[in-house]
file entry-v4.txt (compact mmCIF, N, CA and C atoms and all ligand atoms)
# COMPACT_ATOMS: atom_id res chain seq x y z
N MET S 1 7.18 37.66 20.03
CA MET S 1 6.64 38.70 20.91
C MET S 1 7.71 39.74 21.23
N SER S 2 7.29 40.94 21.40
CA SER S 2 8.26 42.00 21.61
C SER S 2 8.82 41.97 23.03
N SER S 3 9.93 42.63 23.22
CA SER S 3 10.58 42.63 24.53
C SER S 3 9.81 43.41 25.57
N ARG S 4 8.81 44.17 25.12
CA ARG S 4 8.03 44.89 26.13
C ARG S 4 6.97 43.97 26.76
N CYS S 5 6.96 42.69 26.35
CA CYS S 5 6.03 41.74 26.94
C CYS S 5 6.55 41.25 28.29
N CYS S 6 5.64 40.74 29.08
CA CYS S 6 5.95 40.17 30.39
C CYS S 6 6.99 39.06 30.25
N ASP S 7 7.93 39.00 31.19
CA ASP S 7 8.97 37.98 31.06
C ASP S 7 8.47 36.57 31.45
N LYS S 8 7.24 36.49 31.95
CA LYS S 8 6.66 35.18 32.28
C LYS S 8 5.89 34.59 31.08
N LEU S 9 5.81 35.35 30.02
CA LEU S 9 4.96 35.00 28.88
C LEU S 9 5.05 33.54 28.45
N SER S 10 6.24 33.05 28.21
CA SER S 10 6.38 31.72 27.60
C SER S 10 5.90 30.59 28.52
N LYS S 11 5.84 30.88 29.84
CA LYS S 11 5.42 29.81 30.76
C LYS S 11 4.09 30.11 31.44
N CYS S 12 3.46 31.19 31.07
CA CYS S 12 2.23 31.61 31.76
C CYS S 12 1.03 30.80 31.27
N PRO S 13 0.32 30.11 32.18
CA PRO S 13 -0.85 29.32 31.78
C PRO S 13 -1.92 30.15 31.08
N PHE S 14 -2.09 31.39 31.52
CA PHE S 14 -3.10 32.25 30.87
C PHE S 14 -2.70 32.53 29.43
N PHE S 15 -1.48 32.95 29.22
CA PHE S 15 -1.03 33.28 27.87
C PHE S 15 -1.08 32.05 26.97
N ILE S 16 -0.64 30.93 27.48
CA ILE S 16 -0.64 29.69 26.68
C ILE S 16 -2.07 29.31 26.29
N ALA S 17 -3.00 29.48 27.22
CA ALA S 17 -4.41 29.17 26.91
C ALA S 17 -4.94 30.09 25.82
N VAL S 18 -4.63 31.37 25.91
CA VAL S 18 -5.12 32.32 24.90
C VAL S 18 -4.51 31.99 23.54
N LYS S 19 -3.24 31.66 23.56
CA LYS S 19 -2.56 31.33 22.30
C LYS S 19 -3.22 30.11 21.65
N ASN S 20 -3.57 29.14 22.48
CA ASN S 20 -4.20 27.92 21.95
C ASN S 20 -5.61 28.18 21.44
N LEU S 21 -6.28 29.18 22.02
CA LEU S 21 -7.62 29.52 21.57
C LEU S 21 -7.60 30.29 20.25
N GLY S 22 -6.48 30.88 19.93
CA GLY S 22 -6.36 31.65 18.69
C GLY S 22 -7.30 32.84 18.68
N GLU S 23 -8.06 32.97 17.61
CA GLU S 23 -8.95 34.13 17.44
C GLU S 23 -10.29 33.94 18.15
N GLU S 24 -10.40 32.85 18.88
CA GLU S 24 -11.71 32.51 19.45
C GLU S 24 -12.26 33.57 20.42
N SER S 25 -11.37 34.22 21.13
CA SER S 25 -11.85 35.22 22.08
C SER S 25 -11.18 36.57 21.89
N ASP S 26 -11.95 37.54 21.41
CA ASP S 26 -11.45 38.91 21.27
C ASP S 26 -11.04 39.49 22.62
N VAL S 27 -11.86 39.20 23.63
CA VAL S 27 -11.61 39.77 24.96
C VAL S 27 -10.26 39.31 25.49
N LEU S 28 -10.00 38.01 25.39
CA LEU S 28 -8.75 37.49 25.94
C LEU S 28 -7.53 37.96 25.13
N ASN S 29 -7.69 38.06 23.83
CA ASN S 29 -6.58 38.60 23.03
C ASN S 29 -6.33 40.06 23.38
N GLU S 30 -7.40 40.77 23.72
CA GLU S 30 -7.25 42.16 24.16
C GLU S 30 -6.51 42.22 25.50
N TYR S 31 -6.79 41.27 26.36
CA TYR S 31 -6.07 41.20 27.65
C TYR S 31 -4.57 41.05 27.42
N VAL S 32 -4.21 40.19 26.48
CA VAL S 32 -2.79 40.00 26.18
C VAL S 32 -2.19 41.32 25.71
N ALA S 33 -2.93 42.04 24.86
CA ALA S 33 -2.42 43.30 24.32
C ALA S 33 -2.29 44.37 25.41
N VAL S 34 -3.19 44.34 26.37
CA VAL S 34 -3.21 45.39 27.40
C VAL S 34 -2.34 45.04 28.60
N TYR S 35 -2.41 43.78 29.02
CA TYR S 35 -1.63 43.36 30.20
C TYR S 35 -0.28 42.76 29.78
N CYS S 36 -0.33 41.59 29.15
CA CYS S 36 0.90 40.81 28.93
C CYS S 36 1.94 41.56 28.09
N CYS S 37 1.49 42.29 27.10
CA CYS S 37 2.41 43.03 26.23
C CYS S 37 1.98 44.49 26.14
N GLY S 38 1.48 45.02 27.21
CA GLY S 38 0.99 46.39 27.16
C GLY S 38 1.18 47.16 28.46
N PRO S 39 0.51 48.28 28.55
CA PRO S 39 0.74 49.23 29.64
C PRO S 39 0.32 48.76 31.03
N PHE S 40 -0.52 47.73 31.12
CA PHE S 40 -1.02 47.28 32.43
C PHE S 40 -0.28 46.06 32.97
N LYS S 41 0.84 45.75 32.33
CA LYS S 41 1.61 44.56 32.72
C LYS S 41 1.85 44.48 34.24
N GLU S 42 2.28 45.59 34.83
CA GLU S 42 2.59 45.57 36.27
C GLU S 42 1.34 45.39 37.12
N LYS S 43 0.19 45.61 36.54
CA LYS S 43 -1.07 45.48 37.30
C LYS S 43 -1.68 44.09 37.16
N CYS S 44 -1.01 43.20 36.46
CA CYS S 44 -1.54 41.85 36.26
C CYS S 44 -1.77 41.15 37.60
N PHE S 45 -2.97 40.64 37.79
CA PHE S 45 -3.32 39.94 39.03
C PHE S 45 -2.40 38.75 39.27
N ARG S 46 -2.05 38.05 38.21
CA ARG S 46 -1.20 36.87 38.36
C ARG S 46 0.17 37.26 38.95
N LEU S 47 0.69 38.40 38.49
CA LEU S 47 1.99 38.85 39.00
C LEU S 47 1.88 39.36 40.43
N THR S 48 0.84 40.13 40.72
CA THR S 48 0.71 40.68 42.08
C THR S 48 0.43 39.55 43.08
N HIS S 49 -0.30 38.54 42.64
CA HIS S 49 -0.56 37.38 43.51
C HIS S 49 0.75 36.66 43.81
N MET S 50 1.57 36.50 42.79
CA MET S 50 2.87 35.84 42.96
C MET S 50 3.75 36.64 43.93
N ASP S 51 3.75 37.95 43.79
CA ASP S 51 4.54 38.80 44.69
C ASP S 51 4.05 38.67 46.12
N ARG S 52 2.75 38.65 46.28
CA ARG S 52 2.16 38.69 47.62
C ARG S 52 2.23 37.34 48.33
N PHE S 53 1.97 36.27 47.59
CA PHE S 53 1.84 34.95 48.24
C PHE S 53 2.97 33.98 47.88
N GLY S 54 3.83 34.37 46.96
CA GLY S 54 4.95 33.52 46.60
C GLY S 54 4.58 32.37 45.68
N GLU S 55 3.36 32.36 45.21
CA GLU S 55 2.94 31.33 44.25
C GLU S 55 1.88 31.91 43.34
N PRO S 56 1.76 31.33 42.14
CA PRO S 56 0.77 31.88 41.20
C PRO S 56 -0.64 31.47 41.60
N PRO S 57 -1.64 32.22 41.13
CA PRO S 57 -3.03 31.80 41.35
C PRO S 57 -3.34 30.60 40.45
N GLY S 58 -4.54 30.10 40.47
CA GLY S 58 -4.93 28.97 39.61
C GLY S 58 -4.68 29.28 38.15
N ASP S 59 -4.47 28.24 37.38
CA ASP S 59 -4.18 28.41 35.95
C ASP S 59 -5.31 29.12 35.21
N ASN S 60 -6.51 29.07 35.77
CA ASN S 60 -7.68 29.66 35.11
C ASN S 60 -7.83 31.16 35.36
N ILE S 61 -6.93 31.72 36.16
CA ILE S 61 -7.10 33.13 36.53
C ILE S 61 -6.43 34.06 35.52
N SER S 62 -7.20 35.02 35.07
CA SER S 62 -6.73 35.97 34.05
C SER S 62 -6.00 37.15 34.72
N PRO S 63 -5.41 38.03 33.95
CA PRO S 63 -4.73 39.20 34.52
C PRO S 63 -5.65 40.12 35.31
N SER S 64 -6.95 40.03 35.08
CA SER S 64 -7.88 40.88 35.83
C SER S 64 -8.23 40.27 37.18
N GLY S 65 -7.86 39.01 37.38
CA GLY S 65 -8.20 38.33 38.63
C GLY S 65 -9.45 37.46 38.50
N LEU S 66 -10.11 37.52 37.35
CA LEU S 66 -11.31 36.72 37.13
C LEU S 66 -10.98 35.46 36.33
N ASP S 67 -11.83 34.47 36.47
CA ASP S 67 -11.66 33.22 35.74
C ASP S 67 -11.81 33.49 34.24
N TYR S 68 -10.77 33.25 33.47
CA TYR S 68 -10.85 33.62 32.05
C TYR S 68 -11.87 32.78 31.29
N ARG S 69 -12.21 31.61 31.84
CA ARG S 69 -13.18 30.76 31.14
C ARG S 69 -14.55 31.44 31.05
N ASP S 70 -14.82 32.34 32.00
CA ASP S 70 -16.09 33.07 31.97
C ASP S 70 -16.21 33.91 30.69
N TYR S 71 -15.08 34.40 30.19
CA TYR S 71 -15.10 35.25 29.01
C TYR S 71 -15.38 34.48 27.73
N LEU S 72 -15.24 33.19 27.80
CA LEU S 72 -15.46 32.39 26.59
C LEU S 72 -16.93 32.23 26.28
N HIS S 73 -17.78 32.60 27.24
CA HIS S 73 -19.23 32.45 27.03
C HIS S 73 -19.88 33.78 26.65
N ILE S 74 -19.07 34.83 26.59
CA ILE S 74 -19.64 36.16 26.27
C ILE S 74 -20.02 36.21 24.80
S1 LIG S 101 -1.08 36.96 32.46
FE1 LIG S 101 0.25 38.22 33.73
S2 LIG S 101 1.91 36.83 34.32
FE2 LIG S 101 0.90 35.94 32.54
S3 LIG S 101 2.07 36.68 30.77
FE3 LIG S 101 0.33 38.06 31.10
S4 LIG S 101 1.16 39.75 32.34
FE4 LIG S 101 2.57 38.01 32.53

call {"tool": "encode", "arguments": {"input": "entry-v4.txt", "output": "structure tokens"}}
result
Amino acid sequence: MSSRCCDKLSKCPFFIAVKNLGEESDVLNEYVAVYCCGPFKEKCFRLTHMDRFGEPPGDNISPSGLDYRDYLHI
């Protein structure tokens, strides 16, 4: 992954889940491209939650703040 990616990438439950899903979800791979390694990185809900509350949200929470599992049924 390029250096413009989020520095939490290797330990992030969301990213690890998407990686394990492979090509299964276009939407989630797009999230990685837009948030984790893209222009919306600073707007990631997981990061803002960590800043605000000092702990990450649930492992199921995507960068948009929604449960990423919902996207698997689209
Ligand atoms: S979901 Fe957020 S915290 Fe996790 S790697 Fe992507 S940008 Fe970083």

call {"tool": "residues_around", "arguments": {"input": "entry-v4.txt", "residues": "stretch 19-35 of chain S", "least_positions_apart": "6", "cutoff": "6.5 Å", "atoms": "all atoms listed in the file", "output": "ChimeraX atom specification"}}
result
/S:6,41-42,44,72

call {"tool": "write_last_selection", "arguments": {"input": "entry-v4.txt", "atoms": "N, CA and C atoms", "output": "PDB file, keeping the file's coordinate frame"}}
result
ATOM      1  N   CYS S   6       5.640  40.740  29.080  1.00  0.00           N
ATOM      2  CA  CYS S   6       5.950  40.170  30.390  1.00  0.00           C
ATOM      3  C   CYS S   6       6.990  39.060  30.250  1.00  0.00           C
ATOM      4  N   LYS S  41       0.840  45.750  32.330  1.00  0.00           N
ATOM      5  CA  LYS S  41       1.610  44.560  32.720  1.00  0.00           C
ATOM      6  C   LYS S  41       1.850  44.480  34.240  1.00  0.00           C
ATOM      7  N   GLU S  42       2.280  45.590  34.830  1.00  0.00           N
ATOM      8  CA  GLU S  42       2.590  45.570  36.270  1.00  0.00           C
ATOM      9  C   GLU S  42       1.340  45.390  37.120  1.00  0.00           C
ATOM     10  N   CYS S  44      -1.010  43.200  36.460  1.00  0.00           N
ATOM     11  CA  CYS S  44      -1.540  41.850  36.260  1.00  0.00           C
ATOM     12  C   CYS S  44      -1.770  41.150  37.600  1.00  0.00           C
ATOM     13  N   LEU S  72     -15.240  33.190  27.800  1.00  0.00           N
ATOM     14  CA  LEU S  72     -15.460  32.390  26.590  1.00  0.00           C
ATOM     15  C   LEU S  72     -16.930  32.230  26.280  1.00  0.00           C
TER      16      LEU S  72
END

call {"tool": "residues_near_ligand", "arguments": {"input": "entry-v4.txt", "ligand": "ligand LIG 101 (chain S)", "cutoff": "7 Å", "atoms": "only C-alpha atoms and all ligand atoms", "output": "MDAnalysis selection string"}}
result
chainID S and resid 6:9 12:15 32 35:36 41 44:47 62:63

call {"tool": "select_by_dssp", "arguments": {"input": "entry-v4.txt", "residues": "stretch 8-69 of chain S", "states": "helix (DSSP H, G or I)", "output": "VMD selection string"}}
result
chain S and resid 9 to 11 13 to 24 26 to 36 41 to 43 45 to 53 68 to 69

call {"tool": "atom_distance", "arguments": {"input": "entry-v4.txt", "atom1": "atom CA of S:Asp51", "atom2": "atom C of S:Cys5"}}
result
16.7 Å

call {"tool": "axis_aligned_box", "arguments": {"input": "entry-v4.txt", "around": "stretch 25-39 of chain S", "padding_each_side": "3 Å", "output": "lines of an AutoDock Vina configuration file"}}
result
center_x = -4.8
center_y = 41.7
center_z = 26.1
size_x = 20.4
size_y = 21.0
size_z = 15.9
